[in-house]
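Next up, data_39.txt (compact mmCIF, N, CA and C atoms):
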# COMPACT_ATOMS: atom_id res chain seq x y z
N MET A 22 165.20 36.29 105.71
CA MET A 22 166.36 37.05 106.09
C MET A 22 167.59 36.22 105.76
N GLY A 23 168.43 36.74 104.94
CA GLY A 23 169.53 35.99 104.40
C GLY A 23 170.67 35.72 105.35
N ASP A 24 170.77 36.39 106.46
CA ASP A 24 171.92 36.20 107.33
C ASP A 24 171.69 35.13 108.39
N GLY A 25 170.65 34.35 108.25
CA GLY A 25 170.38 33.28 109.18
C GLY A 25 169.60 33.72 110.41
N ALA A 26 169.26 34.98 110.49
CA ALA A 26 168.50 35.48 111.63
C ALA A 26 167.06 35.03 111.50
N ALA A 27 166.49 34.66 112.60
CA ALA A 27 165.10 34.22 112.61
C ALA A 27 164.26 35.27 113.33
N VAL A 28 163.06 35.47 112.86
CA VAL A 28 162.14 36.38 113.51
C VAL A 28 161.21 35.54 114.36
N ARG A 29 161.21 35.83 115.65
CA ARG A 29 160.34 35.09 116.56
C ARG A 29 159.07 35.89 116.78
N GLU A 30 157.96 35.22 116.69
CA GLU A 30 156.68 35.88 116.92
C GLU A 30 156.18 35.50 118.29
N THR A 31 156.82 36.03 119.32
CA THR A 31 156.43 35.71 120.68
C THR A 31 155.58 36.80 121.30
N ALA A 32 155.54 37.95 120.65
CA ALA A 32 154.79 39.07 121.22
C ALA A 32 153.31 38.86 121.00
N GLY A 33 152.59 38.65 122.07
CA GLY A 33 151.16 38.47 121.99
C GLY A 33 150.44 39.76 122.31
N PRO A 34 149.18 39.65 122.67
CA PRO A 34 148.38 40.83 122.95
C PRO A 34 148.92 41.69 124.09
N SER A 35 149.82 41.16 124.90
CA SER A 35 150.33 41.93 126.02
C SER A 35 151.58 42.72 125.66
N SER A 36 152.01 42.68 124.40
CA SER A 36 153.21 43.39 124.01
C SER A 36 152.99 44.90 124.05
N VAL A 37 154.05 45.64 124.25
CA VAL A 37 153.97 47.10 124.29
C VAL A 37 153.44 47.63 122.96
N MET A 38 153.87 47.05 121.87
CA MET A 38 153.39 47.51 120.56
C MET A 38 151.88 47.33 120.44
N GLN A 39 151.38 46.20 120.87
CA GLN A 39 149.93 45.97 120.80
C GLN A 39 149.19 46.97 121.66
N LYS A 40 149.71 47.24 122.84
CA LYS A 40 149.07 48.22 123.72
C LYS A 40 149.07 49.60 123.08
N ALA A 41 150.16 49.96 122.44
CA ALA A 41 150.24 51.26 121.78
C ALA A 41 149.20 51.36 120.67
N PHE A 42 149.06 50.31 119.88
CA PHE A 42 148.06 50.33 118.81
C PHE A 42 146.65 50.35 119.38
N ASP A 43 146.43 49.64 120.48
CA ASP A 43 145.12 49.67 121.13
C ASP A 43 144.79 51.09 121.58
N LEU A 44 145.78 51.78 122.13
CA LEU A 44 145.56 53.16 122.57
C LEU A 44 145.33 54.09 121.38
N LEU A 45 146.10 53.93 120.33
CA LEU A 45 145.91 54.77 119.14
C LEU A 45 144.52 54.59 118.54
N ASP A 46 144.03 53.37 118.59
CA ASP A 46 142.71 53.07 118.05
C ASP A 46 141.62 53.85 118.78
N VAL A 47 141.83 54.11 120.06
CA VAL A 47 140.86 54.86 120.86
C VAL A 47 140.68 56.27 120.31
N PHE A 48 141.72 56.82 119.69
CA PHE A 48 141.69 58.20 119.21
C PHE A 48 141.24 58.33 117.76
N ARG A 49 140.70 57.29 117.18
CA ARG A 49 140.29 57.33 115.77
C ARG A 49 139.36 58.49 115.45
N ASN A 50 138.45 58.80 116.35
CA ASN A 50 137.49 59.87 116.05
C ASN A 50 138.03 61.25 116.38
N GLY A 51 139.27 61.35 116.88
CA GLY A 51 139.91 62.63 117.12
C GLY A 51 139.45 63.37 118.36
N ARG A 52 138.70 62.71 119.22
CA ARG A 52 138.20 63.36 120.43
C ARG A 52 139.29 63.56 121.47
N VAL A 53 139.06 64.53 122.34
CA VAL A 53 139.91 64.73 123.51
C VAL A 53 139.35 63.84 124.61
N LEU A 54 140.19 63.00 125.19
CA LEU A 54 139.75 62.06 126.21
C LEU A 54 140.61 62.17 127.46
N THR A 55 140.03 61.84 128.59
CA THR A 55 140.80 61.77 129.82
C THR A 55 141.57 60.46 129.87
N LEU A 56 142.54 60.39 130.75
CA LEU A 56 143.30 59.15 130.91
C LEU A 56 142.37 58.01 131.29
N SER A 57 141.43 58.25 132.17
CA SER A 57 140.49 57.20 132.57
C SER A 57 139.68 56.68 131.39
N GLU A 58 139.22 57.60 130.53
CA GLU A 58 138.46 57.19 129.35
C GLU A 58 139.32 56.37 128.39
N VAL A 59 140.54 56.83 128.18
CA VAL A 59 141.45 56.12 127.28
C VAL A 59 141.72 54.71 127.80
N ALA A 60 142.04 54.61 129.07
CA ALA A 60 142.34 53.31 129.67
C ALA A 60 141.15 52.36 129.56
N ARG A 61 139.96 52.87 129.89
CA ARG A 61 138.76 52.04 129.84
C ARG A 61 138.48 51.56 128.42
N ARG A 62 138.54 52.47 127.45
CA ARG A 62 138.24 52.10 126.07
C ARG A 62 139.27 51.14 125.48
N ALA A 63 140.52 51.26 125.92
CA ALA A 63 141.57 50.36 125.43
C ALA A 63 141.63 49.06 126.22
N GLY A 64 140.92 49.01 127.34
CA GLY A 64 140.93 47.80 128.16
C GLY A 64 142.24 47.61 128.91
N LEU A 65 142.85 48.73 129.32
CA LEU A 65 144.14 48.68 130.00
C LEU A 65 144.03 49.32 131.37
N PRO A 66 144.88 48.90 132.31
CA PRO A 66 144.95 49.62 133.59
C PRO A 66 145.42 51.05 133.34
N LYS A 67 144.99 51.99 134.19
CA LYS A 67 145.37 53.38 134.01
C LYS A 67 146.88 53.57 134.03
N SER A 68 147.57 52.83 134.88
CA SER A 68 149.03 52.99 134.96
C SER A 68 149.70 52.58 133.65
N THR A 69 149.20 51.52 133.03
CA THR A 69 149.74 51.07 131.75
C THR A 69 149.41 52.07 130.66
N ALA A 70 148.17 52.54 130.64
CA ALA A 70 147.77 53.53 129.64
C ALA A 70 148.63 54.78 129.76
N TYR A 71 148.89 55.23 130.98
CA TYR A 71 149.71 56.42 131.21
C TYR A 71 151.12 56.22 130.67
N ARG A 72 151.71 55.08 130.96
CA ARG A 72 153.09 54.78 130.52
C ARG A 72 153.17 54.71 129.00
N VAL A 73 152.27 53.98 128.38
CA VAL A 73 152.30 53.81 126.93
C VAL A 73 151.92 55.11 126.22
N LEU A 74 150.97 55.84 126.77
CA LEU A 74 150.63 57.14 126.18
C LEU A 74 151.82 58.07 126.20
N GLY A 75 152.58 58.04 127.27
CA GLY A 75 153.79 58.86 127.33
C GLY A 75 154.73 58.57 126.18
N MET A 76 154.85 57.29 125.85
CA MET A 76 155.72 56.88 124.75
C MET A 76 155.20 57.41 123.42
N ILE A 77 153.90 57.28 123.18
CA ILE A 77 153.39 57.69 121.88
C ILE A 77 153.24 59.20 121.78
N VAL A 78 153.16 59.89 122.91
CA VAL A 78 153.20 61.36 122.88
C VAL A 78 154.61 61.81 122.49
N ARG A 79 155.64 61.17 123.04
CA ARG A 79 157.02 61.55 122.74
C ARG A 79 157.37 61.40 121.26
N VAL A 80 156.75 60.44 120.59
CA VAL A 80 157.04 60.26 119.16
C VAL A 80 156.09 61.07 118.27
N GLY A 81 155.16 61.79 118.90
CA GLY A 81 154.29 62.68 118.15
C GLY A 81 153.04 62.05 117.57
N ALA A 82 152.70 60.85 117.99
CA ALA A 82 151.52 60.18 117.44
C ALA A 82 150.21 60.75 118.01
N VAL A 83 150.28 61.26 119.22
CA VAL A 83 149.14 61.95 119.84
C VAL A 83 149.68 63.17 120.58
N GLU A 84 148.79 64.08 120.91
CA GLU A 84 149.20 65.28 121.64
C GLU A 84 148.56 65.28 123.01
N HIS A 85 149.30 65.76 123.99
CA HIS A 85 148.78 65.91 125.34
C HIS A 85 148.21 67.31 125.46
N GLU A 86 146.92 67.39 125.72
CA GLU A 86 146.27 68.68 125.84
C GLU A 86 146.08 68.98 127.32
N TYR A 87 146.49 70.15 127.75
CA TYR A 87 146.42 70.52 129.16
C TYR A 87 145.15 71.26 129.47

Mind turning the file's structure into structure tokens?
Amino acid sequence: MGDGAAVRETAGPSSVMQKAFDLLDVFRNGRVLTLSEVARRAGLPKSTAYRVLGMIVRVGAVEHEY
């Protein structure tokens, strides 16, 4: 980066981006899953899975089926 800005790589496995990708990976086979199933498969607490899923639903990466 030419303006002297440095990119810090401090985001580890606990970053929101990593959690989002972990959740997206759960949907690879295209199945409809419950929140509990998603959280368990992604290795996340249900509250975290719910929060991050809300974010990726808003951007259209997954759909919430009622």

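Considering the residues A:Asp43, A:Met38, A:Ala70, A:Val83 and counting all atoms listed in the file, Leu56 in chain A has its shortest atom-to-atom contact with A:Ala70.
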
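Of note, CA of Ala82 in chain A and CA of Phe42 in chain A are spaced 10.5 Å apart.
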
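Using only C-alpha atoms, the shortest contact distance between Lys40 in chain A and any of A:Arg79, A:Arg52, A:Arg62, A:His85 is found at A:Arg62.
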
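Relative to CA of Leu45 in chain A, CA of Ile77 in chain A is found at 8.5 Å.
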
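The space between CA of Ser68 in chain A and CA of Val53 in chain A spans 18.8 Å.
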
Determine, counting only C-alpha atoms, which protein, DNA and RNA residues have an atom within 9 Å of an atom of Val59 in chain A; residues of the same chain fewer than 3 positions away are not included. Present the result as a compact mmCIF listing (two decimals) with N, CA and C atoms, in the frame of the given file.
# COMPACT_ATOMS: atom_id res chain seq x y z
N LEU A 44 145.78 51.78 122.13
CA LEU A 44 145.56 53.16 122.57
C LEU A 44 145.33 54.09 121.38
N VAL A 47 141.83 54.11 120.06
CA VAL A 47 140.86 54.86 120.86
C VAL A 47 140.68 56.27 120.31
N PHE A 48 141.72 56.82 119.69
CA PHE A 48 141.69 58.20 119.21
C PHE A 48 141.24 58.33 117.76
N LEU A 54 140.19 63.00 125.19
CA LEU A 54 139.75 62.06 126.21
C LEU A 54 140.61 62.17 127.46
N THR A 55 140.03 61.84 128.59
CA THR A 55 140.80 61.77 129.82
C THR A 55 141.57 60.46 129.87
N LEU A 56 142.54 60.39 130.75
CA LEU A 56 143.30 59.15 130.91
C LEU A 56 142.37 58.01 131.29
N ARG A 62 138.54 52.47 127.45
CA ARG A 62 138.24 52.10 126.07
C ARG A 62 139.27 51.14 125.48
N ALA A 63 140.52 51.26 125.92
CA ALA A 63 141.57 50.36 125.43
C ALA A 63 141.63 49.06 126.22
N GLY A 64 140.92 49.01 127.34
CA GLY A 64 140.93 47.80 128.16
C GLY A 64 142.24 47.61 128.91
N LEU A 65 142.85 48.73 129.32
CA LEU A 65 144.14 48.68 130.00
C LEU A 65 144.03 49.32 131.37
N LYS A 67 144.99 51.99 134.19
CA LYS A 67 145.37 53.38 134.01
C LYS A 67 146.88 53.57 134.03
N ALA A 70 148.17 52.54 130.64
CA ALA A 70 147.77 53.53 129.64
C ALA A 70 148.63 54.78 129.76

Edge lengths and centre in Å to one decimal, as JSON, of the axis-aligned box that encloses all listed atoms of range 66-83 of chain A with 4 Å added on every side?
{"center_x": 151.1, "center_y": 56.0, "center_z": 126.2, "size_x": 20.5, "size_y": 22.3, "size_z": 25.5}
